[in-house]
Amino acid sequence: MPCMERRTPQDKKRLSYLKDRRNAYGENDKASRRNIPRSRRARRHALRRAEQPALHQVTAFGGSWDESEVRFARPGTGRWRKWPDGRLAESVVRRLERRAEQGGAEGAQAEERIRRVRRSAGLR
């Protein structure tokens, strides 16, 4: 059985900065459990609602209909997509920059912290 290589605390921190994610959307991170299914449901509902007039028009004249006719007759209703949360390093840098702007930390000290986070995470 191969043995896993031990990681130093510095390596663990670097990997955490790169792989961990933080919610950058601006809502509670737990809210996405409810809002993602709700958005997908609303999208499908809008498409079904858009199909109804086309389906009614085809069947009102007693004609046969093909699913593709109805699908192409409905208008597009926009597109909703999921996107991943932002990386932890970007979130930490943003927080440190905001803190420095508001005068919460000394300029040189804040710049050093930001530089260290960026260097360890491989940012700019």
# chains A, B, ... in the order shown; residues from 1 in each chain; ligands from 1
call {"tool": "residues_around", "arguments": {"residues": "range 26-42 of chain A", "least_positions_apart": "4", "cutoff": "8 Å", "atoms": "only C-alpha atoms", "output": "tab-separated table (two decimals) with N, CA and C atoms, in the first residue's frame"}}
result
chain	number	residue	atom	x	y	z
A	46	ALA	N	-41.35	28.47	-17.39
A	46	ALA	CA	-41.47	29.49	-18.42
A	46	ALA	C	-41.49	28.86	-19.81
A	80	TRP	N	-30.59	30.42	-17.69
A	80	TRP	CA	-30.10	30.46	-16.32
A	80	TRP	C	-29.03	29.38	-16.19
A	82	LYS	N	-25.72	27.83	-13.55
A	82	LYS	CA	-24.98	27.87	-12.29
A	82	LYS	C	-23.56	28.31	-12.59
call {"tool": "select_by_dssp", "arguments": {"residues": "range 2-120 of chain A", "states": "strand (DSSP E)", "output": "compact mmCIF listing (two decimals) with C-alpha atoms, in the first residue's frame"}}
result
# COMPACT_ATOMS: atom_id res chain seq x y z
CA ARG A 21 -14.43 28.23 -2.34
CA ARG A 22 -16.40 31.12 -0.87
CA GLY A 86 -14.98 32.27 -5.97
CA ARG A 87 -11.66 30.93 -4.74
call {"tool": "closest_residue", "arguments": {"among": "A:Ala121, A:Leu96, A:Lys13, A:Glu5", "to": "Gln109 in chain A", "atoms": "only C-alpha atoms"}}
result
A:Leu96
call {"tool": "residues_around", "arguments": {"residues": "Leu88 in chain A", "least_positions_apart": "4", "cutoff": "12 Å", "atoms": "only C-alpha atoms", "output": "tab-separated table (two decimals) with C-alpha atoms, in the first residue's frame"}}
result
chain	number	residue	atom	x	y	z
A	13	LYS	CA	-2.54	26.53	3.37
A	14	ARG	CA	-1.60	26.97	-0.30
A	15	LEU	CA	-3.93	24.15	-1.33
A	16	SER	CA	-6.68	25.62	0.81
A	17	TYR	CA	-6.29	29.00	-0.91
A	18	LEU	CA	-6.49	27.32	-4.31
A	19	LYS	CA	-9.20	24.72	-3.78
A	20	ASP	CA	-11.55	26.09	-1.12
A	21	ARG	CA	-14.43	28.23	-2.34
A	22	ARG	CA	-16.40	31.12	-0.87
A	23	ASN	CA	-19.79	32.40	-1.93
A	24	ALA	CA	-19.20	35.49	-4.07
A	84	PRO	CA	-18.93	28.16	-9.12
A	92	VAL	CA	-9.21	36.92	1.34
A	93	VAL	CA	-7.39	39.41	-0.89
A	94	ARG	CA	-10.60	41.37	-1.47
A	95	ARG	CA	-11.29	41.45	2.27
A	117	VAL	CA	-1.67	35.60	0.10
A	118	ARG	CA	-1.25	36.28	-3.61
A	120	SER	CA	1.07	31.52	-1.87
A	121	ALA	CA	-2.03	31.16	-4.04
A	123	LEU	CA	-2.35	35.06	-8.04
call {"tool": "closest_residue", "arguments": {"among": "A:Glu97, A:Arg116, A:Gln52, A:Val58", "to": "Gln10 in chain A", "atoms": "only C-alpha atoms"}}
result
A:Arg116
call {"tool": "select_by_dssp", "arguments": {"residues": "chain A", "states": "helix (DSSP H, G or I)", "output": "NGL selection string"}}
result
:A and (9-19 or 29-60 or 67-73 or 88-101 or 107-121)
call {"tool": "decode", "arguments": {"residues": "range 79-111 of chain A", "atoms": "N, CA and C atoms", "output": "compact mmCIF listing (two decimals), in the first residue's frame"}}
result
# COMPACT_ATOMS: atom_id res chain seq x y z
N ARG A 79 -31.72 32.43 -20.30
CA ARG A 79 -30.94 31.27 -19.90
C ARG A 79 -30.45 31.45 -18.47
N TRP A 80 -30.59 30.42 -17.69
CA TRP A 80 -30.10 30.46 -16.32
C TRP A 80 -29.03 29.38 -16.19
N ARG A 81 -27.88 29.76 -15.63
CA ARG A 81 -26.79 28.80 -15.45
C ARG A 81 -26.20 28.94 -14.06
N LYS A 82 -25.72 27.83 -13.55
CA LYS A 82 -24.98 27.87 -12.29
C LYS A 82 -23.56 28.31 -12.59
N TRP A 83 -22.90 28.90 -11.60
CA TRP A 83 -21.47 29.16 -11.72
C TRP A 83 -20.83 28.91 -10.38
N PRO A 84 -19.57 28.54 -10.38
CA PRO A 84 -18.93 28.16 -9.12
C PRO A 84 -18.65 29.37 -8.24
N ASP A 85 -18.53 29.13 -6.96
CA ASP A 85 -18.16 30.19 -6.03
C ASP A 85 -16.72 30.60 -6.30
N GLY A 86 -16.34 31.76 -5.77
CA GLY A 86 -14.98 32.27 -5.97
C GLY A 86 -13.97 31.54 -5.10
N ARG A 87 -12.72 31.59 -5.52
CA ARG A 87 -11.66 30.93 -4.74
C ARG A 87 -11.44 31.67 -3.42
N LEU A 88 -11.03 30.93 -2.42
CA LEU A 88 -10.79 31.49 -1.10
C LEU A 88 -9.73 32.58 -1.16
N ALA A 89 -8.66 32.40 -1.95
CA ALA A 89 -7.59 33.39 -2.01
C ALA A 89 -8.12 34.73 -2.51
N GLU A 90 -8.98 34.70 -3.54
CA GLU A 90 -9.54 35.95 -4.06
C GLU A 90 -10.40 36.63 -3.01
N SER A 91 -11.16 35.84 -2.26
CA SER A 91 -12.00 36.39 -1.21
C SER A 91 -11.17 37.04 -0.11
N VAL A 92 -10.08 36.38 0.28
CA VAL A 92 -9.21 36.92 1.34
C VAL A 92 -8.53 38.19 0.87
N VAL A 93 -8.04 38.21 -0.37
CA VAL A 93 -7.39 39.41 -0.89
C VAL A 93 -8.38 40.57 -0.93
N ARG A 94 -9.58 40.32 -1.41
CA ARG A 94 -10.60 41.37 -1.47
C ARG A 94 -10.91 41.92 -0.07
N ARG A 95 -11.00 41.03 0.89
CA ARG A 95 -11.29 41.45 2.27
C ARG A 95 -10.15 42.29 2.84
N LEU A 96 -8.91 41.86 2.59
CA LEU A 96 -7.75 42.61 3.08
C LEU A 96 -7.65 43.98 2.41
N GLU A 97 -7.93 44.04 1.12
CA GLU A 97 -7.89 45.33 0.42
C GLU A 97 -8.95 46.28 0.97
N ARG A 98 -10.15 45.77 1.19
CA ARG A 98 -11.22 46.61 1.73
C ARG A 98 -10.87 47.09 3.14
N ARG A 99 -10.28 46.21 3.93
CA ARG A 99 -9.88 46.58 5.28
C ARG A 99 -8.82 47.68 5.26
N ALA A 100 -7.87 47.58 4.31
CA ALA A 100 -6.82 48.60 4.20
C ALA A 100 -7.39 49.94 3.75
N GLU A 101 -8.36 49.90 2.82
CA GLU A 101 -8.98 51.14 2.34
C GLU A 101 -9.73 51.85 3.46
N GLN A 102 -10.34 51.10 4.33
CA GLN A 102 -11.13 51.69 5.41
C GLN A 102 -10.27 52.11 6.60
N GLY A 103 -8.97 51.91 6.49
CA GLY A 103 -8.08 52.35 7.55
C GLY A 103 -7.97 51.39 8.71
N GLY A 104 -8.37 50.14 8.54
CA GLY A 104 -8.32 49.18 9.63
C GLY A 104 -6.94 48.60 9.87
N ALA A 105 -6.05 48.74 8.92
CA ALA A 105 -4.69 48.21 9.08
C ALA A 105 -3.71 49.22 8.49
N GLU A 106 -2.50 49.18 8.98
CA GLU A 106 -1.48 50.08 8.44
C GLU A 106 -1.19 49.69 7.00
N GLY A 107 -0.87 50.66 6.17
CA GLY A 107 -0.69 50.45 4.74
C GLY A 107 0.35 49.41 4.40
N ALA A 108 1.57 49.53 4.95
CA ALA A 108 2.64 48.60 4.62
C ALA A 108 2.32 47.19 5.11
N GLN A 109 1.74 47.10 6.29
CA GLN A 109 1.40 45.80 6.85
C GLN A 109 0.31 45.13 6.01
N ALA A 110 -0.69 45.89 5.59
CA ALA A 110 -1.76 45.34 4.78
C ALA A 110 -1.22 44.89 3.42
N GLU A 111 -0.36 45.69 2.81
CA GLU A 111 0.22 45.32 1.52
C GLU A 111 1.04 44.03 1.63
